[in-house]
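The file work_32.txt comes next; it holds compact mmCIF, N, CA and C atoms.
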# COMPACT_ATOMS: atom_id res chain seq x y z
N MET F 4 -39.86 9.40 62.71
CA MET F 4 -40.63 9.41 63.94
C MET F 4 -40.79 7.96 64.42
N ASP F 5 -40.05 7.61 65.45
CA ASP F 5 -40.12 6.26 65.99
C ASP F 5 -41.41 6.07 66.78
N PHE F 6 -41.91 4.86 66.72
CA PHE F 6 -43.09 4.48 67.48
C PHE F 6 -42.61 3.42 68.46
N THR F 7 -42.61 3.73 69.74
CA THR F 7 -42.03 2.85 70.74
C THR F 7 -42.93 1.65 71.05
N GLU F 8 -42.33 0.66 71.68
CA GLU F 8 -43.12 -0.51 72.10
C GLU F 8 -44.21 -0.10 73.08
N LYS F 9 -43.92 0.84 73.96
CA LYS F 9 -44.91 1.32 74.92
C LYS F 9 -46.07 1.99 74.20
N GLU F 10 -45.77 2.83 73.20
CA GLU F 10 -46.83 3.49 72.43
C GLU F 10 -47.67 2.46 71.69
N GLU F 11 -47.00 1.49 71.10
CA GLU F 11 -47.72 0.42 70.40
C GLU F 11 -48.64 -0.31 71.38
N SER F 12 -48.15 -0.61 72.55
CA SER F 12 -48.92 -1.31 73.56
C SER F 12 -50.16 -0.51 73.97
N LEU F 13 -49.98 0.79 74.16
CA LEU F 13 -51.11 1.65 74.54
C LEU F 13 -52.17 1.70 73.45
N VAL F 14 -51.74 1.79 72.21
CA VAL F 14 -52.69 1.83 71.10
C VAL F 14 -53.42 0.48 70.99
N LYS F 15 -52.67 -0.61 71.05
CA LYS F 15 -53.29 -1.95 70.95
C LYS F 15 -54.27 -2.18 72.08
N GLU F 16 -53.87 -1.85 73.29
CA GLU F 16 -54.72 -2.06 74.47
C GLU F 16 -56.02 -1.29 74.32
N SER F 17 -55.94 -0.05 73.91
CA SER F 17 -57.15 0.76 73.79
C SER F 17 -58.00 0.30 72.61
N TYR F 18 -57.38 -0.12 71.52
CA TYR F 18 -58.16 -0.59 70.37
C TYR F 18 -58.91 -1.87 70.72
N GLU F 19 -58.32 -2.72 71.54
CA GLU F 19 -59.02 -3.94 71.98
C GLU F 19 -60.31 -3.59 72.71
N VAL F 20 -60.28 -2.53 73.50
CA VAL F 20 -61.48 -2.07 74.20
C VAL F 20 -62.51 -1.57 73.18
N LEU F 21 -62.06 -0.76 72.24
CA LEU F 21 -62.97 -0.18 71.24
C LEU F 21 -63.57 -1.24 70.33
N LYS F 22 -62.81 -2.28 70.02
CA LYS F 22 -63.29 -3.34 69.12
C LYS F 22 -64.48 -4.09 69.70
N LYS F 23 -64.67 -4.01 71.01
CA LYS F 23 -65.80 -4.71 71.63
C LYS F 23 -67.13 -4.14 71.15
N ASP F 24 -67.13 -2.88 70.70
CA ASP F 24 -68.34 -2.28 70.13
C ASP F 24 -67.94 -1.32 69.02
N LEU F 25 -67.27 -1.87 68.01
CA LEU F 25 -66.74 -1.07 66.91
C LEU F 25 -67.82 -0.26 66.18
N PRO F 26 -69.01 -0.82 65.92
CA PRO F 26 -70.03 0.01 65.25
C PRO F 26 -70.40 1.26 66.07
N PHE F 27 -70.52 1.11 67.38
CA PHE F 27 -70.86 2.25 68.23
C PHE F 27 -69.74 3.29 68.20
N TYR F 28 -68.50 2.86 68.43
CA TYR F 28 -67.40 3.82 68.49
C TYR F 28 -67.10 4.43 67.13
N SER F 29 -67.34 3.70 66.07
CA SER F 29 -67.16 4.26 64.73
C SER F 29 -68.13 5.40 64.49
N LEU F 30 -69.38 5.16 64.83
CA LEU F 30 -70.40 6.19 64.64
C LEU F 30 -70.14 7.36 65.59
N HIS F 31 -69.70 7.06 66.80
CA HIS F 31 -69.36 8.12 67.76
C HIS F 31 -68.21 8.98 67.22
N PHE F 32 -67.21 8.33 66.66
CA PHE F 32 -66.06 9.01 66.05
C PHE F 32 -66.54 9.99 64.97
N PHE F 33 -67.40 9.50 64.09
CA PHE F 33 -67.88 10.33 63.00
C PHE F 33 -68.77 11.46 63.53
N THR F 34 -69.57 11.18 64.54
CA THR F 34 -70.40 12.21 65.16
C THR F 34 -69.53 13.30 65.77
N GLN F 35 -68.41 12.90 66.37
CA GLN F 35 -67.49 13.88 66.94
C GLN F 35 -66.92 14.79 65.85
N ILE F 36 -66.58 14.22 64.70
CA ILE F 36 -66.09 15.04 63.58
C ILE F 36 -67.12 16.12 63.25
N LEU F 37 -68.38 15.71 63.15
CA LEU F 37 -69.43 16.65 62.75
C LEU F 37 -69.79 17.63 63.86
N GLU F 38 -69.58 17.26 65.11
CA GLU F 38 -69.80 18.20 66.20
C GLU F 38 -68.69 19.25 66.25
N ILE F 39 -67.46 18.83 66.00
CA ILE F 39 -66.33 19.75 66.00
C ILE F 39 -66.42 20.69 64.80
N ALA F 40 -66.78 20.14 63.65
CA ALA F 40 -66.82 20.92 62.40
C ALA F 40 -68.12 20.63 61.65
N PRO F 41 -69.23 21.24 62.05
CA PRO F 41 -70.52 20.97 61.40
C PRO F 41 -70.51 21.16 59.88
N ALA F 42 -69.72 22.07 59.40
CA ALA F 42 -69.67 22.32 57.95
C ALA F 42 -69.12 21.12 57.19
N ALA F 43 -68.43 20.23 57.87
CA ALA F 43 -67.88 19.04 57.20
C ALA F 43 -68.97 18.14 56.65
N LYS F 44 -70.17 18.28 57.17
CA LYS F 44 -71.29 17.46 56.70
C LYS F 44 -71.47 17.60 55.19
N GLY F 45 -71.22 18.79 54.67
CA GLY F 45 -71.38 19.04 53.24
C GLY F 45 -70.35 18.33 52.38
N MET F 46 -69.33 17.76 53.00
CA MET F 46 -68.29 17.05 52.25
C MET F 46 -68.69 15.60 51.96
N PHE F 47 -69.81 15.16 52.54
CA PHE F 47 -70.24 13.77 52.38
C PHE F 47 -71.59 13.75 51.67
N SER F 48 -71.61 13.15 50.51
CA SER F 48 -72.82 13.14 49.68
C SER F 48 -74.02 12.56 50.43
N PHE F 49 -73.78 11.58 51.27
CA PHE F 49 -74.88 10.92 51.97
C PHE F 49 -75.38 11.70 53.19
N LEU F 50 -74.79 12.88 53.45
CA LEU F 50 -75.23 13.71 54.58
C LEU F 50 -75.71 15.10 54.15
N ARG F 51 -75.46 15.48 52.92
CA ARG F 51 -75.72 16.85 52.47
C ARG F 51 -77.17 17.29 52.63
N ASP F 52 -78.11 16.39 52.44
CA ASP F 52 -79.51 16.76 52.44
C ASP F 52 -80.21 16.55 53.78
N SER F 53 -79.44 16.26 54.83
CA SER F 53 -80.07 16.00 56.12
C SER F 53 -79.80 17.16 57.08
N GLU F 54 -80.80 17.43 57.91
CA GLU F 54 -80.68 18.50 58.90
C GLU F 54 -79.74 18.09 60.03
N ASP F 55 -79.98 16.91 60.56
CA ASP F 55 -79.20 16.42 61.69
C ASP F 55 -78.25 15.33 61.22
N ILE F 56 -77.52 14.77 62.16
CA ILE F 56 -76.66 13.63 61.85
C ILE F 56 -77.57 12.40 61.89
N PRO F 57 -77.83 11.80 60.74
CA PRO F 57 -78.75 10.66 60.70
C PRO F 57 -78.06 9.36 61.15
N HIS F 58 -78.15 9.07 62.43
CA HIS F 58 -77.44 7.92 63.00
C HIS F 58 -77.87 6.58 62.42
N ASN F 59 -79.03 6.54 61.79
CA ASN F 59 -79.49 5.27 61.20
C ASN F 59 -79.18 5.18 59.72
N ASN F 60 -78.48 6.15 59.18
CA ASN F 60 -78.12 6.15 57.76
C ASN F 60 -77.11 5.03 57.50
N PRO F 61 -77.48 4.02 56.69
CA PRO F 61 -76.57 2.90 56.45
C PRO F 61 -75.26 3.32 55.77
N LYS F 62 -75.31 4.34 54.93
CA LYS F 62 -74.08 4.81 54.27
C LYS F 62 -73.15 5.46 55.29
N LEU F 63 -73.72 6.22 56.21
CA LEU F 63 -72.92 6.84 57.26
C LEU F 63 -72.29 5.77 58.14
N LYS F 64 -73.08 4.78 58.54
CA LYS F 64 -72.57 3.71 59.40
C LYS F 64 -71.42 2.97 58.72
N ALA F 65 -71.60 2.64 57.45
CA ALA F 65 -70.56 1.91 56.72
C ALA F 65 -69.31 2.76 56.55
N HIS F 66 -69.49 4.02 56.22
CA HIS F 66 -68.34 4.91 56.03
C HIS F 66 -67.60 5.11 57.35
N ALA F 67 -68.33 5.36 58.41
CA ALA F 67 -67.72 5.59 59.72
C ALA F 67 -66.93 4.36 60.16
N LEU F 68 -67.50 3.18 59.96
CA LEU F 68 -66.81 1.95 60.35
C LEU F 68 -65.53 1.76 59.55
N LYS F 69 -65.61 2.00 58.26
CA LYS F 69 -64.43 1.84 57.40
C LYS F 69 -63.31 2.81 57.79
N VAL F 70 -63.66 4.07 58.00
CA VAL F 70 -62.65 5.09 58.32
C VAL F 70 -62.05 4.82 59.70
N PHE F 71 -62.89 4.55 60.69
CA PHE F 71 -62.41 4.34 62.05
C PHE F 71 -61.55 3.08 62.12
N LYS F 72 -61.99 2.02 61.50
CA LYS F 72 -61.24 0.76 61.53
C LYS F 72 -59.88 0.93 60.84
N MET F 73 -59.86 1.58 59.68
CA MET F 73 -58.60 1.77 58.98
C MET F 73 -57.64 2.63 59.81
N THR F 74 -58.17 3.68 60.44
CA THR F 74 -57.34 4.55 61.27
C THR F 74 -56.73 3.76 62.43
N CYS F 75 -57.55 2.99 63.10
CA CYS F 75 -57.07 2.22 64.25
C CYS F 75 -56.09 1.13 63.82
N GLU F 76 -56.40 0.43 62.75
CA GLU F 76 -55.51 -0.65 62.31
C GLU F 76 -54.19 -0.12 61.78
N ALA F 77 -54.22 1.05 61.16
CA ALA F 77 -52.97 1.67 60.71
C ALA F 77 -52.08 1.98 61.91
N ALA F 78 -52.70 2.42 62.99
CA ALA F 78 -51.94 2.72 64.22
C ALA F 78 -51.34 1.45 64.81
N ILE F 79 -52.10 0.37 64.80
CA ILE F 79 -51.65 -0.90 65.39
C ILE F 79 -50.40 -1.43 64.68
N GLN F 80 -50.35 -1.36 63.38
CA GLN F 80 -49.26 -1.97 62.63
C GLN F 80 -48.02 -1.08 62.50
N LEU F 81 -48.09 0.11 63.06
CA LEU F 81 -46.99 1.06 62.90
C LEU F 81 -45.67 0.54 63.46
N LYS F 82 -45.68 -0.01 64.64
CA LYS F 82 -44.44 -0.50 65.25
C LYS F 82 -43.90 -1.71 64.49
N GLU F 83 -44.80 -2.60 64.15
CA GLU F 83 -44.42 -3.84 63.46
C GLU F 83 -43.79 -3.57 62.10
N LYS F 84 -44.39 -2.67 61.34
CA LYS F 84 -43.94 -2.41 59.97
C LYS F 84 -43.00 -1.20 59.87
N GLY F 85 -43.04 -0.33 60.88
CA GLY F 85 -42.21 0.87 60.85
C GLY F 85 -42.82 2.01 60.06
N GLU F 86 -43.98 1.76 59.47
CA GLU F 86 -44.68 2.79 58.71
C GLU F 86 -46.12 2.37 58.55
N VAL F 87 -46.94 3.29 58.11
CA VAL F 87 -48.33 2.97 57.84
C VAL F 87 -48.39 2.19 56.53
N ILE F 88 -48.98 1.01 56.60
CA ILE F 88 -49.09 0.19 55.40
C ILE F 88 -50.57 0.14 54.99
N VAL F 89 -50.87 0.86 53.97
CA VAL F 89 -52.18 0.82 53.34
C VAL F 89 -51.87 0.58 51.87
N SER F 90 -52.64 -0.25 51.23
CA SER F 90 -52.31 -0.57 49.84
C SER F 90 -52.18 0.70 49.01
N GLU F 91 -51.28 0.64 48.05
CA GLU F 91 -51.03 1.81 47.20
C GLU F 91 -52.31 2.26 46.52
N THR F 92 -53.12 1.31 46.09
CA THR F 92 -54.38 1.63 45.43
C THR F 92 -55.30 2.38 46.39
N THR F 93 -55.38 1.90 47.63
CA THR F 93 -56.23 2.55 48.62
C THR F 93 -55.73 3.96 48.92
N LEU F 94 -54.42 4.10 49.09
CA LEU F 94 -53.86 5.43 49.36
C LEU F 94 -54.11 6.38 48.19
N GLN F 95 -53.95 5.90 46.97
CA GLN F 95 -54.20 6.75 45.81
C GLN F 95 -55.67 7.17 45.78
N TYR F 96 -56.56 6.22 46.08
CA TYR F 96 -57.98 6.52 46.11
C TYR F 96 -58.28 7.56 47.20
N LEU F 97 -57.74 7.32 48.40
CA LEU F 97 -57.97 8.26 49.50
C LEU F 97 -57.43 9.65 49.16
N GLY F 98 -56.25 9.69 48.57
CA GLY F 98 -55.68 10.97 48.18
C GLY F 98 -56.57 11.70 47.19
N SER F 99 -57.06 10.98 46.17
CA SER F 99 -57.89 11.63 45.16
C SER F 99 -59.23 12.08 45.71
N VAL F 100 -59.85 11.26 46.55
CA VAL F 100 -61.15 11.62 47.14
C VAL F 100 -60.99 12.83 48.06
N HIS F 101 -59.96 12.82 48.89
CA HIS F 101 -59.74 13.94 49.80
C HIS F 101 -59.45 15.23 49.02
N LEU F 102 -58.67 15.12 47.96
CA LEU F 102 -58.35 16.27 47.13
C LEU F 102 -59.61 16.80 46.44
N ARG F 103 -60.39 15.90 45.85
CA ARG F 103 -61.62 16.27 45.15
C ARG F 103 -62.62 16.95 46.10
N ASN F 104 -62.66 16.49 47.36
CA ASN F 104 -63.61 17.05 48.31
C ASN F 104 -63.09 18.29 49.04
N GLY F 105 -61.90 18.74 48.65
CA GLY F 105 -61.37 19.97 49.22
C GLY F 105 -60.82 19.84 50.63
N VAL F 106 -60.40 18.65 51.00
CA VAL F 106 -59.83 18.44 52.33
C VAL F 106 -58.50 19.19 52.42
N ILE F 107 -58.35 19.91 53.51
CA ILE F 107 -57.11 20.67 53.77
C ILE F 107 -56.59 20.30 55.16
N ASP F 108 -55.39 20.76 55.47
CA ASP F 108 -54.74 20.39 56.74
C ASP F 108 -55.64 20.54 57.97
N PRO F 109 -56.36 21.64 58.13
CA PRO F 109 -57.21 21.75 59.34
C PRO F 109 -58.25 20.63 59.47
N HIS F 110 -58.68 20.07 58.35
CA HIS F 110 -59.64 18.96 58.41
C HIS F 110 -59.00 17.74 59.08
N PHE F 111 -57.73 17.51 58.80
CA PHE F 111 -57.04 16.38 59.42
C PHE F 111 -56.95 16.57 60.93
N GLU F 112 -56.82 17.82 61.35
CA GLU F 112 -56.76 18.12 62.79
C GLU F 112 -58.11 17.83 63.46
N VAL F 113 -59.19 18.12 62.75
CA VAL F 113 -60.53 17.82 63.27
C VAL F 113 -60.68 16.31 63.47
N VAL F 114 -60.26 15.54 62.49
CA VAL F 114 -60.37 14.09 62.57
C VAL F 114 -59.51 13.56 63.72
N LYS F 115 -58.33 14.13 63.89
CA LYS F 115 -57.46 13.71 65.00
C LYS F 115 -58.15 13.98 66.34
N GLU F 116 -58.73 15.15 66.49
CA GLU F 116 -59.42 15.50 67.73
C GLU F 116 -60.59 14.54 67.98
N ALA F 117 -61.34 14.23 66.93
CA ALA F 117 -62.47 13.30 67.07
C ALA F 117 -61.97 11.91 67.46
N LEU F 118 -60.87 11.49 66.89
CA LEU F 118 -60.29 10.19 67.23
C LEU F 118 -59.89 10.16 68.70
N LEU F 119 -59.19 11.18 69.15
CA LEU F 119 -58.75 11.22 70.54
C LEU F 119 -59.93 11.26 71.51
N ARG F 120 -60.96 12.01 71.19
CA ARG F 120 -62.16 12.05 72.04
C ARG F 120 -62.80 10.68 72.13
N THR F 121 -62.87 10.00 70.99
CA THR F 121 -63.51 8.69 70.94
C THR F 121 -62.72 7.66 71.75
N VAL F 122 -61.42 7.65 71.56
CA VAL F 122 -60.59 6.71 72.32
C VAL F 122 -60.70 7.00 73.81
N LYS F 123 -60.63 8.27 74.16
CA LYS F 123 -60.71 8.66 75.57
C LYS F 123 -62.02 8.19 76.19
N GLU F 124 -63.11 8.41 75.48
CA GLU F 124 -64.40 7.97 76.01
C GLU F 124 -64.47 6.45 76.10
N GLY F 125 -63.93 5.79 75.08
CA GLY F 125 -64.00 4.33 75.04
C GLY F 125 -63.22 3.64 76.13
N VAL F 126 -62.05 4.15 76.45
CA VAL F 126 -61.20 3.47 77.45
C VAL F 126 -61.45 3.97 78.87
N GLY F 127 -62.13 5.09 79.00
CA GLY F 127 -62.48 5.59 80.33
C GLY F 127 -61.27 5.86 81.21
N GLU F 128 -61.22 5.20 82.36
CA GLU F 128 -60.16 5.45 83.34
C GLU F 128 -58.77 5.03 82.88
N LYS F 129 -58.69 4.21 81.84
CA LYS F 129 -57.38 3.80 81.33
C LYS F 129 -56.70 4.91 80.52
N TRP F 130 -57.47 5.96 80.19
CA TRP F 130 -56.94 7.06 79.38
C TRP F 130 -55.80 7.75 80.12
N SER F 131 -54.78 8.12 79.36
CA SER F 131 -53.67 8.89 79.91
C SER F 131 -53.14 9.81 78.82
N GLU F 132 -52.38 10.79 79.24
CA GLU F 132 -51.75 11.69 78.27
C GLU F 132 -50.83 10.88 77.35
N GLU F 133 -50.17 9.90 77.92
CA GLU F 133 -49.27 9.06 77.14
C GLU F 133 -50.03 8.29 76.05
N MET F 134 -51.22 7.81 76.39
CA MET F 134 -52.05 7.11 75.41
C MET F 134 -52.47 8.07 74.30
N GLY F 135 -52.86 9.27 74.68
CA GLY F 135 -53.24 10.29 73.70
C GLY F 135 -52.09 10.62 72.77
N ASN F 136 -50.89 10.73 73.32
CA ASN F 136 -49.71 11.01 72.50
C ASN F 136 -49.42 9.87 71.53
N ALA F 137 -49.61 8.63 71.98
CA ALA F 137 -49.38 7.47 71.11
C ALA F 137 -50.36 7.48 69.94
N TRP F 138 -51.64 7.75 70.23
CA TRP F 138 -52.63 7.82 69.15
C TRP F 138 -52.35 9.00 68.22
N THR F 139 -51.93 10.11 68.77
CA THR F 139 -51.60 11.28 67.95
C THR F 139 -50.48 10.95 66.99
N LYS F 140 -49.45 10.30 67.48
CA LYS F 140 -48.31 9.95 66.64
C LYS F 140 -48.74 8.96 65.54
N ALA F 141 -49.53 7.98 65.91
CA ALA F 141 -49.99 6.99 64.94
C ALA F 141 -50.87 7.64 63.87
N TYR F 142 -51.79 8.50 64.31
CA TYR F 142 -52.66 9.18 63.36
C TYR F 142 -51.86 10.07 62.41
N HIS F 143 -50.84 10.72 62.94
CA HIS F 143 -50.00 11.58 62.12
C HIS F 143 -49.39 10.80 60.95
N HIS F 144 -48.98 9.58 61.19
CA HIS F 144 -48.40 8.76 60.12
C HIS F 144 -49.43 8.49 59.01
N LEU F 145 -50.64 8.13 59.40
CA LEU F 145 -51.68 7.86 58.41
C LEU F 145 -52.04 9.13 57.65
N ALA F 146 -52.24 10.23 58.36
CA ALA F 146 -52.59 11.49 57.71
C ALA F 146 -51.49 11.93 56.75
N SER F 147 -50.24 11.75 57.13
CA SER F 147 -49.12 12.12 56.27
C SER F 147 -49.12 11.30 54.98
N ALA F 148 -49.44 10.01 55.10
CA ALA F 148 -49.49 9.15 53.91
C ALA F 148 -50.61 9.61 52.97
N ILE F 149 -51.75 9.97 53.51
CA ILE F 149 -52.88 10.44 52.68
C ILE F 149 -52.51 11.79 52.04
N LYS F 150 -51.94 12.69 52.83
CA LYS F 150 -51.56 14.00 52.30
C LYS F 150 -50.53 13.88 51.18
N ALA F 151 -49.61 12.94 51.30
CA ALA F 151 -48.60 12.73 50.26
C ALA F 151 -49.26 12.34 48.94
N GLU F 152 -50.32 11.57 49.02
CA GLU F 152 -51.06 11.16 47.81
C GLU F 152 -51.90 12.30 47.25
N MET F 153 -52.22 13.27 48.06
CA MET F 153 -53.02 14.40 47.60
C MET F 153 -52.20 15.37 46.76
N LYS F 154 -50.88 15.28 46.82
CA LYS F 154 -50.04 16.24 46.11
C LYS F 154 -49.79 15.84 44.69

Would you encode the structure as structure tokens?
Amino acid sequence: MDFTEKEESLVKESYEVLKKDLPFYSLHFFTQILEIAPAAKGMFSFLRDSEDIPHNNPKLKAHALKVFKMTCEAAIQLKEKGEVIVSETTLQYLGSVHLRNGVIDPHFEVVKEALLRTVKEGVGEKWSEEMGNAWTKAYHHLASAIKAEMK
């Protein structure tokens, strides 16, 4: 799956916008996941005992920032490297955590939808179907790398 220069440009351009308020968009991204799939809350130890999405939870903020940043940065480097480059140790860890928590293919689709919603909201009028397709392709590479480690 080739990642074109245009797709790379669209992802980089939109990520530059999101980076201006990464903590906000990270938390928004994670909130979108939980709005799309409320049952996913039970997959996170730091959310299991809360009724609502605790936006001031420091563990949630840190986790959301880490996941969103890694997802976006993996997309950025795709054209340059030709593949998603995440350290082998990190990928092994992600694979084991996702496997242990019972993550299955539909969960990856939820995260993709949350990512696209977040990017769309963040870039506003700059959003296009082409930008959405670029992010979808980039996310697919990262999800595929994690899924490979889950096997």

Six-sided padding of 6 Å per side, axis-aligned box over segment 126-134 of chain F, centre and edges in Å, one decimal, as JSON:
{"center_x": -55.9, "center_y": 7.6, "center_z": 78.8, "size_x": 25.2, "size_y": 20.2, "size_z": 21.0}

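Put simply, atom CA of Leu37 of chain F is 20.7 Å away from atom C of Ala141 of chain F.
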
Checklist line | Length of the atom N of Leu25 of chain F to atom N of Thr7 of chain F vector [Å] | finding: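 We find that atom N of Leu25 of chain F and atom N of Thr7 of chain F lie 25.3 Å from each other.
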
Margin query: From the options F:Asp108, F:Glu19, F:Asp52, F:Glu132, which residue's atoms come nearest to Lys72 of chain F, counting only C-alpha atoms?
Written below: F:Glu19

Check: Out of F:Val122, F:Val70, F:Leu13, F:Ala78, which residue has the shortest atom-to-atom distance to Leu145 of chain F when counting only N, CA and C atoms?
Finding: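 Of F:Val122, F:Val70, F:Leu13, F:Ala78, the one nearest Leu145 of chain F, counting only N, CA and C atoms, is F:Ala78.
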
Next item on the list: In Å, rounded to a single decimal, give me how far atom C of Lys62 of chain F is from atom N of Gly45 of chain F.
Entry: 13.5 Å

Check: So which residues fall inside 8 Å of (-65.8, 5.0, 65.3) if we count all atoms listed in the file? Mind giving them as an MDAnalysis selection string?
Finding: chainID F and resid 24:34 67:72 118 121

Check: Neighbours of segment 126-129 of chain F within 8 Å (all atoms listed in the file; same-chain residues fewer than 4 positions away dropped), as a list in words?
Finding: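 Surrounding residues, per the criterion: Glu16, Ser17, Tyr18, Val20, Leu21, Arg120, Thr121, Val122 and Met134 of chain F.
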